[in-house]
>>> print(open('final.pdb').read())   # PDB, C-alpha atoms
ATOM      1  CA  MET A  26     116.938  61.904 227.449  1.00  0.00           C
ATOM      2  CA  PRO A  27     118.747  62.387 224.089  1.00  0.00           C
ATOM      3  CA  THR A  28     116.648  62.193 220.979  1.00  0.00           C
ATOM      4  CA  SER A  29     117.673  60.156 217.999  1.00  0.00           C
ATOM      5  CA  THR A  30     117.690  61.990 214.698  1.00  0.00           C
ATOM      6  CA  PRO A  31     118.501  60.682 211.227  1.00  0.00           C
ATOM      7  CA  GLU A  32     121.686  62.761 211.402  1.00  0.00           C
ATOM      8  CA  ALA A  33     122.904  61.265 214.705  1.00  0.00           C
ATOM      9  CA  GLY A  34     126.366  59.773 214.269  1.00  0.00           C
ATOM     10  CA  ARG A  35     126.679  60.886 210.633  1.00  0.00           C
ATOM     11  CA  ARG A  36     128.668  63.697 209.110  1.00  0.00           C
ATOM     12  CA  PRO A  37     127.229  66.388 206.885  1.00  0.00           C
ATOM     13  CA  ARG A  38     128.230  66.242 203.225  1.00  0.00           C
ATOM     14  CA  THR A  39     128.996  69.967 203.044  1.00  0.00           C
ATOM     15  CA  ARG A  40     132.656  69.447 202.113  1.00  0.00           C
ATOM     16  CA  LEU A  41     131.692  67.113 199.286  1.00  0.00           C
ATOM     17  CA  LEU A  42     129.144  69.619 197.969  1.00  0.00           C
ATOM     18  CA  LEU A  43     131.657  72.494 198.092  1.00  0.00           C
ATOM     19  CA  SER A  44     134.455  70.381 196.575  1.00  0.00           C
ATOM     20  CA  ILE A  45     132.301  69.370 193.618  1.00  0.00           C
ATOM     21  CA  ALA A  46     131.147  72.969 193.161  1.00  0.00           C
ATOM     22  CA  ALA A  47     134.773  74.162 193.211  1.00  0.00           C
ATOM     23  CA  VAL A  48     135.857  71.572 190.620  1.00  0.00           C
ATOM     24  CA  VAL A  49     132.942  72.454 188.331  1.00  0.00           C
ATOM     25  CA  LEU A  50     133.711  76.161 188.705  1.00  0.00           C
ATOM     26  CA  VAL A  51     137.440  75.759 187.977  1.00  0.00           C
ATOM     27  CA  VAL A  52     136.782  73.567 184.924  1.00  0.00           C
ATOM     28  CA  ASP A  53     134.107  75.962 183.662  1.00  0.00           C
ATOM     29  CA  VAL A  54     136.200  79.106 184.071  1.00  0.00           C
ATOM     30  CA  ALA A  55     139.313  77.451 182.606  1.00  0.00           C
ATOM     31  CA  THR A  56     137.481  76.179 179.526  1.00  0.00           C
ATOM     32  CA  LYS A  57     135.791  79.526 178.926  1.00  0.00           C
ATOM     33  CA  LEU A  58     139.080  81.419 179.243  1.00  0.00           C
ATOM     34  CA  THR A  59     140.674  78.996 176.800  1.00  0.00           C
ATOM     35  CA  VAL A  60     137.836  79.377 174.302  1.00  0.00           C
ATOM     36  CA  VAL A  61     137.889  83.190 174.485  1.00  0.00           C
ATOM     37  CA  ALA A  62     141.675  83.211 174.020  1.00  0.00           C
ATOM     38  CA  THR A  63     141.869  80.696 171.167  1.00  0.00           C
ATOM     39  CA  ILE A  64     138.615  80.560 169.166  1.00  0.00           C
ATOM     40  CA  ALA A  65     137.284  83.533 167.236  1.00  0.00           C
ATOM     41  CA  PRO A  66     133.539  84.184 167.577  1.00  0.00           C
ATOM     42  CA  GLY A  67     131.739  82.179 164.912  1.00  0.00           C
ATOM     43  CA  GLN A  68     134.718  79.912 164.214  1.00  0.00           C
ATOM     44  CA  ASP A  69     133.898  76.190 164.225  1.00  0.00           C
ATOM     45  CA  ILE A  70     136.483  73.588 165.190  1.00  0.00           C
ATOM     46  CA  ARG A  71     135.507  70.032 164.304  1.00  0.00           C
ATOM     47  CA  VAL A  72     136.298  67.460 167.015  1.00  0.00           C
ATOM     48  CA  LEU A  73     135.682  63.707 167.247  1.00  0.00           C
ATOM     49  CA  GLY A  74     134.908  63.353 163.547  1.00  0.00           C
ATOM     50  CA  GLY A  75     132.164  65.961 163.632  1.00  0.00           C
ATOM     51  CA  LEU A  76     130.370  64.610 166.687  1.00  0.00           C
ATOM     52  CA  VAL A  77     131.366  67.798 168.520  1.00  0.00           C
ATOM     53  CA  TYR A  78     132.198  71.285 167.288  1.00  0.00           C
ATOM     54  CA  LEU A  79     133.838  73.975 169.376  1.00  0.00           C
ATOM     55  CA  THR A  80     132.199  77.304 168.619  1.00  0.00           C
ATOM     56  CA  HIS A  81     132.713  80.596 170.466  1.00  0.00           C
ATOM     57  CA  TYR A  82     129.251  82.050 171.164  1.00  0.00           C
ATOM     58  CA  ARG A  83     127.910  84.578 173.700  1.00  0.00           C
ATOM     59  CA  ASN A  84     124.508  83.778 175.209  1.00  0.00           C
ATOM     60  CA  THR A  85     122.621  86.579 176.950  1.00  0.00           C
ATOM     61  CA  GLY A  86     119.590  84.396 177.640  1.00  0.00           C
ATOM     62  CA  ALA A  87     118.959  81.302 179.690  1.00  0.00           C
ATOM     63  CA  ALA A  88     119.580  77.744 178.565  1.00  0.00           C
ATOM     64  CA  PHE A  89     119.228  77.285 174.809  1.00  0.00           C
ATOM     65  CA  SER A  90     119.244  81.098 174.376  1.00  0.00           C
ATOM     66  CA  PHE A  91     115.740  81.299 175.852  1.00  0.00           C
ATOM     67  CA  ALA A  92     114.584  84.772 176.937  1.00  0.00           C
ATOM     68  CA  GLU A  93     117.530  86.761 175.670  1.00  0.00           C
ATOM     69  CA  GLY A  94     117.377  90.191 177.196  1.00  0.00           C
ATOM     70  CA  ALA A  95     116.429  88.913 180.678  1.00  0.00           C
ATOM     71  CA  THR A  96     120.068  88.591 181.726  1.00  0.00           C
ATOM     72  CA  VAL A  97     119.651  90.607 184.926  1.00  0.00           C
ATOM     73  CA  LEU A  98     116.786  88.347 185.989  1.00  0.00           C
ATOM     74  CA  PHE A  99     118.870  85.214 185.354  1.00  0.00           C
ATOM     75  CA  SER A 100     121.755  86.750 187.300  1.00  0.00           C
ATOM     76  CA  LEU A 101     119.495  87.350 190.293  1.00  0.00           C
ATOM     77  CA  ILE A 102     118.081  83.823 190.031  1.00  0.00           C
ATOM     78  CA  ALA A 103     121.634  82.414 190.043  1.00  0.00           C
ATOM     79  CA  VAL A 104     122.420  84.395 193.207  1.00  0.00           C
ATOM     80  CA  ALA A 105     119.240  83.070 194.852  1.00  0.00           C
ATOM     81  CA  VAL A 106     120.012  79.476 193.814  1.00  0.00           C
ATOM     82  CA  ALA A 107     123.528  79.735 195.249  1.00  0.00           C
ATOM     83  CA  ALA A 108     122.218  81.191 198.521  1.00  0.00           C
ATOM     84  CA  VAL A 109     119.588  78.459 198.924  1.00  0.00           C
ATOM     85  CA  ILE A 110     122.115  75.702 198.210  1.00  0.00           C
ATOM     86  CA  VAL A 111     124.654  77.098 200.683  1.00  0.00           C
ATOM     87  CA  ARG A 112     121.947  77.438 203.323  1.00  0.00           C
ATOM     88  CA  THR A 113     120.707  73.886 202.665  1.00  0.00           C
ATOM     89  CA  ALA A 114     124.234  72.472 202.948  1.00  0.00           C
ATOM     90  CA  ARG A 115     124.087  72.546 206.761  1.00  0.00           C
ATOM     91  CA  ARG A 116     121.410  69.843 206.874  1.00  0.00           C
ATOM     92  CA  LEU A 117     122.753  67.735 204.018  1.00  0.00           C
ATOM     93  CA  TYR A 118     123.701  64.148 204.884  1.00  0.00           C
ATOM     94  CA  SER A 119     123.004  62.462 201.548  1.00  0.00           C
ATOM     95  CA  THR A 120     125.998  61.863 199.296  1.00  0.00           C
ATOM     96  CA  GLY A 121     123.748  61.847 196.220  1.00  0.00           C
ATOM     97  CA  TRP A 122     122.185  65.191 197.078  1.00  0.00           C
ATOM     98  CA  ALA A 123     125.632  66.626 197.850  1.00  0.00           C
ATOM     99  CA  VAL A 124     126.711  65.705 194.319  1.00  0.00           C
ATOM    100  CA  VAL A 125     123.505  67.187 192.851  1.00  0.00           C
ATOM    101  CA  LEU A 126     123.789  70.452 194.725  1.00  0.00           C
ATOM    102  CA  GLY A 127     127.536  70.691 194.090  1.00  0.00           C
ATOM    103  CA  LEU A 128     126.972  70.372 190.334  1.00  0.00           C
ATOM    104  CA  VAL A 129     124.176  72.949 190.342  1.00  0.00           C
ATOM    105  CA  LEU A 130     126.066  75.376 192.596  1.00  0.00           C
ATOM    106  CA  GLY A 131     129.282  75.178 190.556  1.00  0.00           C
ATOM    107  CA  GLY A 132     127.400  75.607 187.281  1.00  0.00           C
ATOM    108  CA  SER A 133     125.275  78.479 188.550  1.00  0.00           C
ATOM    109  CA  VAL A 134     128.280  80.363 189.892  1.00  0.00           C
ATOM    110  CA  GLY A 135     130.254  79.674 186.691  1.00  0.00           C
ATOM    111  CA  ASN A 136     127.572  81.265 184.514  1.00  0.00           C
ATOM    112  CA  LEU A 137     127.011  84.034 187.069  1.00  0.00           C
ATOM    113  CA  ILE A 138     130.687  85.004 186.816  1.00  0.00           C
ATOM    114  CA  ASP A 139     130.208  85.519 183.080  1.00  0.00           C
ATOM    115  CA  ARG A 140     127.083  87.605 183.652  1.00  0.00           C
ATOM    116  CA  ILE A 141     128.923  89.794 186.162  1.00  0.00           C
ATOM    117  CA  PHE A 142     132.254  90.310 184.384  1.00  0.00           C
ATOM    118  CA  ARG A 143     131.670  89.986 180.632  1.00  0.00           C
ATOM    119  CA  ASP A 144     130.394  92.600 178.190  1.00  0.00           C
ATOM    120  CA  PRO A 145     128.079  94.439 177.985  1.00  0.00           C
ATOM    121  CA  GLY A 146     128.264  94.982 181.752  1.00  0.00           C
ATOM    122  CA  PHE A 147     127.486  94.053 185.343  1.00  0.00           C
ATOM    123  CA  LEU A 148     124.747  91.376 185.614  1.00  0.00           C
ATOM    124  CA  ARG A 149     124.135  91.681 181.847  1.00  0.00           C
ATOM    125  CA  GLY A 150     127.187  89.895 180.461  1.00  0.00           C
ATOM    126  CA  GLY A 151     126.942  87.205 177.818  1.00  0.00           C
ATOM    127  CA  VAL A 152     127.748  83.679 178.974  1.00  0.00           C
ATOM    128  CA  VAL A 153     130.453  81.982 176.896  1.00  0.00           C
ATOM    129  CA  ASP A 154     129.014  78.867 175.254  1.00  0.00           C
ATOM    130  CA  PHE A 155     131.225  76.714 173.063  1.00  0.00           C
ATOM    131  CA  ILE A 156     130.097  73.085 172.731  1.00  0.00           C
ATOM    132  CA  SER A 157     127.924  72.294 169.710  1.00  0.00           C
ATOM    133  CA  VAL A 158     127.045  68.641 169.174  1.00  0.00           C
ATOM    134  CA  PHE A 159     126.289  66.834 165.898  1.00  0.00           C
ATOM    135  CA  ALA A 160     126.653  70.000 163.784  1.00  0.00           C
ATOM    136  CA  PRO A 161     128.330  73.399 163.983  1.00  0.00           C
ATOM    137  CA  ASP A 162     126.601  76.594 165.128  1.00  0.00           C
ATOM    138  CA  ALA A 163     123.779  74.858 167.023  1.00  0.00           C
ATOM    139  CA  ARG A 164     122.147  73.524 163.868  1.00  0.00           C
ATOM    140  CA  ALA A 165     121.339  70.190 165.555  1.00  0.00           C
ATOM    141  CA  PHE A 166     121.417  71.051 169.277  1.00  0.00           C
ATOM    142  CA  PRO A 167     121.894  74.309 171.208  1.00  0.00           C
ATOM    143  CA  ILE A 168     125.423  75.406 172.078  1.00  0.00           C
ATOM    144  CA  PHE A 169     126.326  74.989 175.752  1.00  0.00           C
ATOM    145  CA  ASN A 170     129.267  75.073 178.181  1.00  0.00           C
ATOM    146  CA  MET A 171     130.610  73.072 181.126  1.00  0.00           C
ATOM    147  CA  ALA A 172     128.466  74.984 183.648  1.00  0.00           C
ATOM    148  CA  ASP A 173     125.324  74.192 181.653  1.00  0.00           C
ATOM    149  CA  SER A 174     126.356  70.525 181.530  1.00  0.00           C
ATOM    150  CA  ALA A 175     126.846  70.430 185.297  1.00  0.00           C
ATOM    151  CA  ILE A 176     123.462  72.066 185.933  1.00  0.00           C
ATOM    152  CA  VAL A 177     121.644  69.652 183.601  1.00  0.00           C
ATOM    153  CA  CYS A 178     123.416  66.582 185.008  1.00  0.00           C
ATOM    154  CA  GLY A 179     122.666  67.795 188.532  1.00  0.00           C
ATOM    155  CA  GLY A 180     119.025  68.335 187.608  1.00  0.00           C
ATOM    156  CA  ILE A 181     118.673  64.855 186.129  1.00  0.00           C
ATOM    157  CA  LEU A 182     120.368  63.224 189.115  1.00  0.00           C
ATOM    158  CA  GLY A 183     118.211  65.299 191.495  1.00  0.00           C
ATOM    159  CA  ALA A 184     115.057  64.147 189.716  1.00  0.00           C
ATOM    160  CA  LEU A 185     116.188  60.517 190.022  1.00  0.00           C
ATOM    161  CA  LEU A 186     116.903  60.933 193.742  1.00  0.00           C
ATOM    162  CA  ALA A 187     113.519  62.580 194.264  1.00  0.00           C
ATOM    163  CA  LEU A 188     111.755  59.793 192.350  1.00  0.00           C
ATOM    164  CA  ARG A 189     113.513  57.251 194.550  1.00  0.00           C
ATOM    165  CA  GLY A 190     112.319  59.170 197.610  1.00  0.00           C
ATOM    166  CA  ILE A 191     115.802  59.996 198.910  1.00  0.00           C
ATOM    167  CA  GLU A 192     115.773  62.958 201.273  1.00  0.00           C
ATOM    168  CA  PHE A 193     118.557  65.491 201.993  1.00  0.00           C
ATOM    169  CA  ASP A 194     119.293  63.675 205.240  1.00  0.00           C
ATOM    170  CA  GLY A 195     119.928  60.439 203.327  1.00  0.00           C
ATOM    171  CA  THR A 196     116.766  58.646 204.414  1.00  0.00           C
ATOM    172  CA  ARG A 197     114.014  57.471 202.116  1.00  0.00           C
ATOM    173  CA  ALA A 198     110.639  59.159 202.337  1.00  0.00           C
ATOM    174  CA  LYS A 199     108.788  55.857 202.771  1.00  0.00           C
ATOM    175  CA  ASP A 200     111.180  54.765 205.570  1.00  0.00           C
ATOM    176  CA  ARG A 201     110.656  58.071 207.333  1.00  0.00           C
ATOM    177  CA  ALA A 202     106.858  57.715 207.028  1.00  0.00           C
ATOM    178  CA  ALA A 203     107.022  54.196 208.525  1.00  0.00           C
ATOM    179  CA  THR A 204     109.210  55.441 211.420  1.00  0.00           C
ATOM    180  CA  ASP A 205     106.926  58.402 212.079  1.00  0.00           C
ATOM    181  CA  ALA A 206     103.854  56.127 212.102  1.00  0.00           C
ATOM    182  CA  ALA A 207     105.410  53.754 214.660  1.00  0.00           C
TER
END
>>> encode(input="final.pdb", output="structure tokens")
Amino acid sequence: MPTSTPEAGRRPRTRLLLSIAAVVLVVDVATKLTVVATIAPGQDIRVLGGLVYLTHYRNTGAAFSFAEGATVLFSLIAVAVAAVIVRTARRLYSTGWAVVLGLVLGGSVGNLIDRIFRDPGFLRGGVVDFISVFAPDARAFPIFNMADSAIVCGGILGALLALRGIEFDGTRAKDRAATDAA
């Protein structure tokens, strides 16, 4: 007798996850290459009437330049995050979670590429940050990049999905509890 699972008759969202990750990665790498090629370190370019400044900065720490000097640790964490997301993708049936994990995967790999290939060396490279909002040189808010934006947006969306009780398989936690109790 076949058993009915939440995944029966539905397709995994692995392609969606990988497509979003690929788009985030391409946008991140392209913007960083453009910044490195066109903006001198420390130069501020005012955009949108001063709402945004483009500033070429190298970050060897985590988000908001936290824990500079722990670059190798952050590189290893990014590898672990990518591995967990790829492994989780096989049981992913929720479109929302596919978007979340695609954003986080693309952002993590984008920053990991910088840590691997940029100076001062393998797993210790400085991540290229270039978006400064409200004031130049991170005077009002820390400088960030497209990968950071994707990771933060993915984190916020993931928190909202978790608060709503949406599982990776697309079901709601309370619906699953009611089904299990029956």
>>> residues_around(input="final.pdb", residues="Arg71 in chain A", least_positions_apart="2", cutoff="10 Å", atoms="all atoms listed in the file", output="list in words")
Gln68, Asp69, Leu73, Gly74, Gly75, Leu76, Val77, Tyr78, Leu79, Thr80, Ser157, Val158, Phe159, Ala160 and Pro161 of chain A
>>> atom_distance(input="final.pdb", atom1="CA of Leu43 in chain A", atom2="CA of Thr113 in chain A")
11.9 Å
>>> atom_distance(input="final.pdb", atom1="CA of Gly121 in chain A", atom2="CA of Ile102 in chain A")
23.5 Å
>>> closest_residue(input="final.pdb", among="A:Ala184, A:Cys178, A:Val134, A:Met171", to="Thr56 in chain A", atoms="only C-alpha atoms")
A:Met171
>>> closest_residue(input="final.pdb", among="A:Leu188, A:Asp144, A:Gly131, A:Gly151", to="Val48 in chain A", atoms="all atoms listed in the file")
A:Gly131
>>> closest_residue(input="final.pdb", among="A:Ile141, A:Leu186, A:Leu128, A:Ile70", to="Ala172 in chain A", atoms="only C-alpha atoms")
A:Leu128
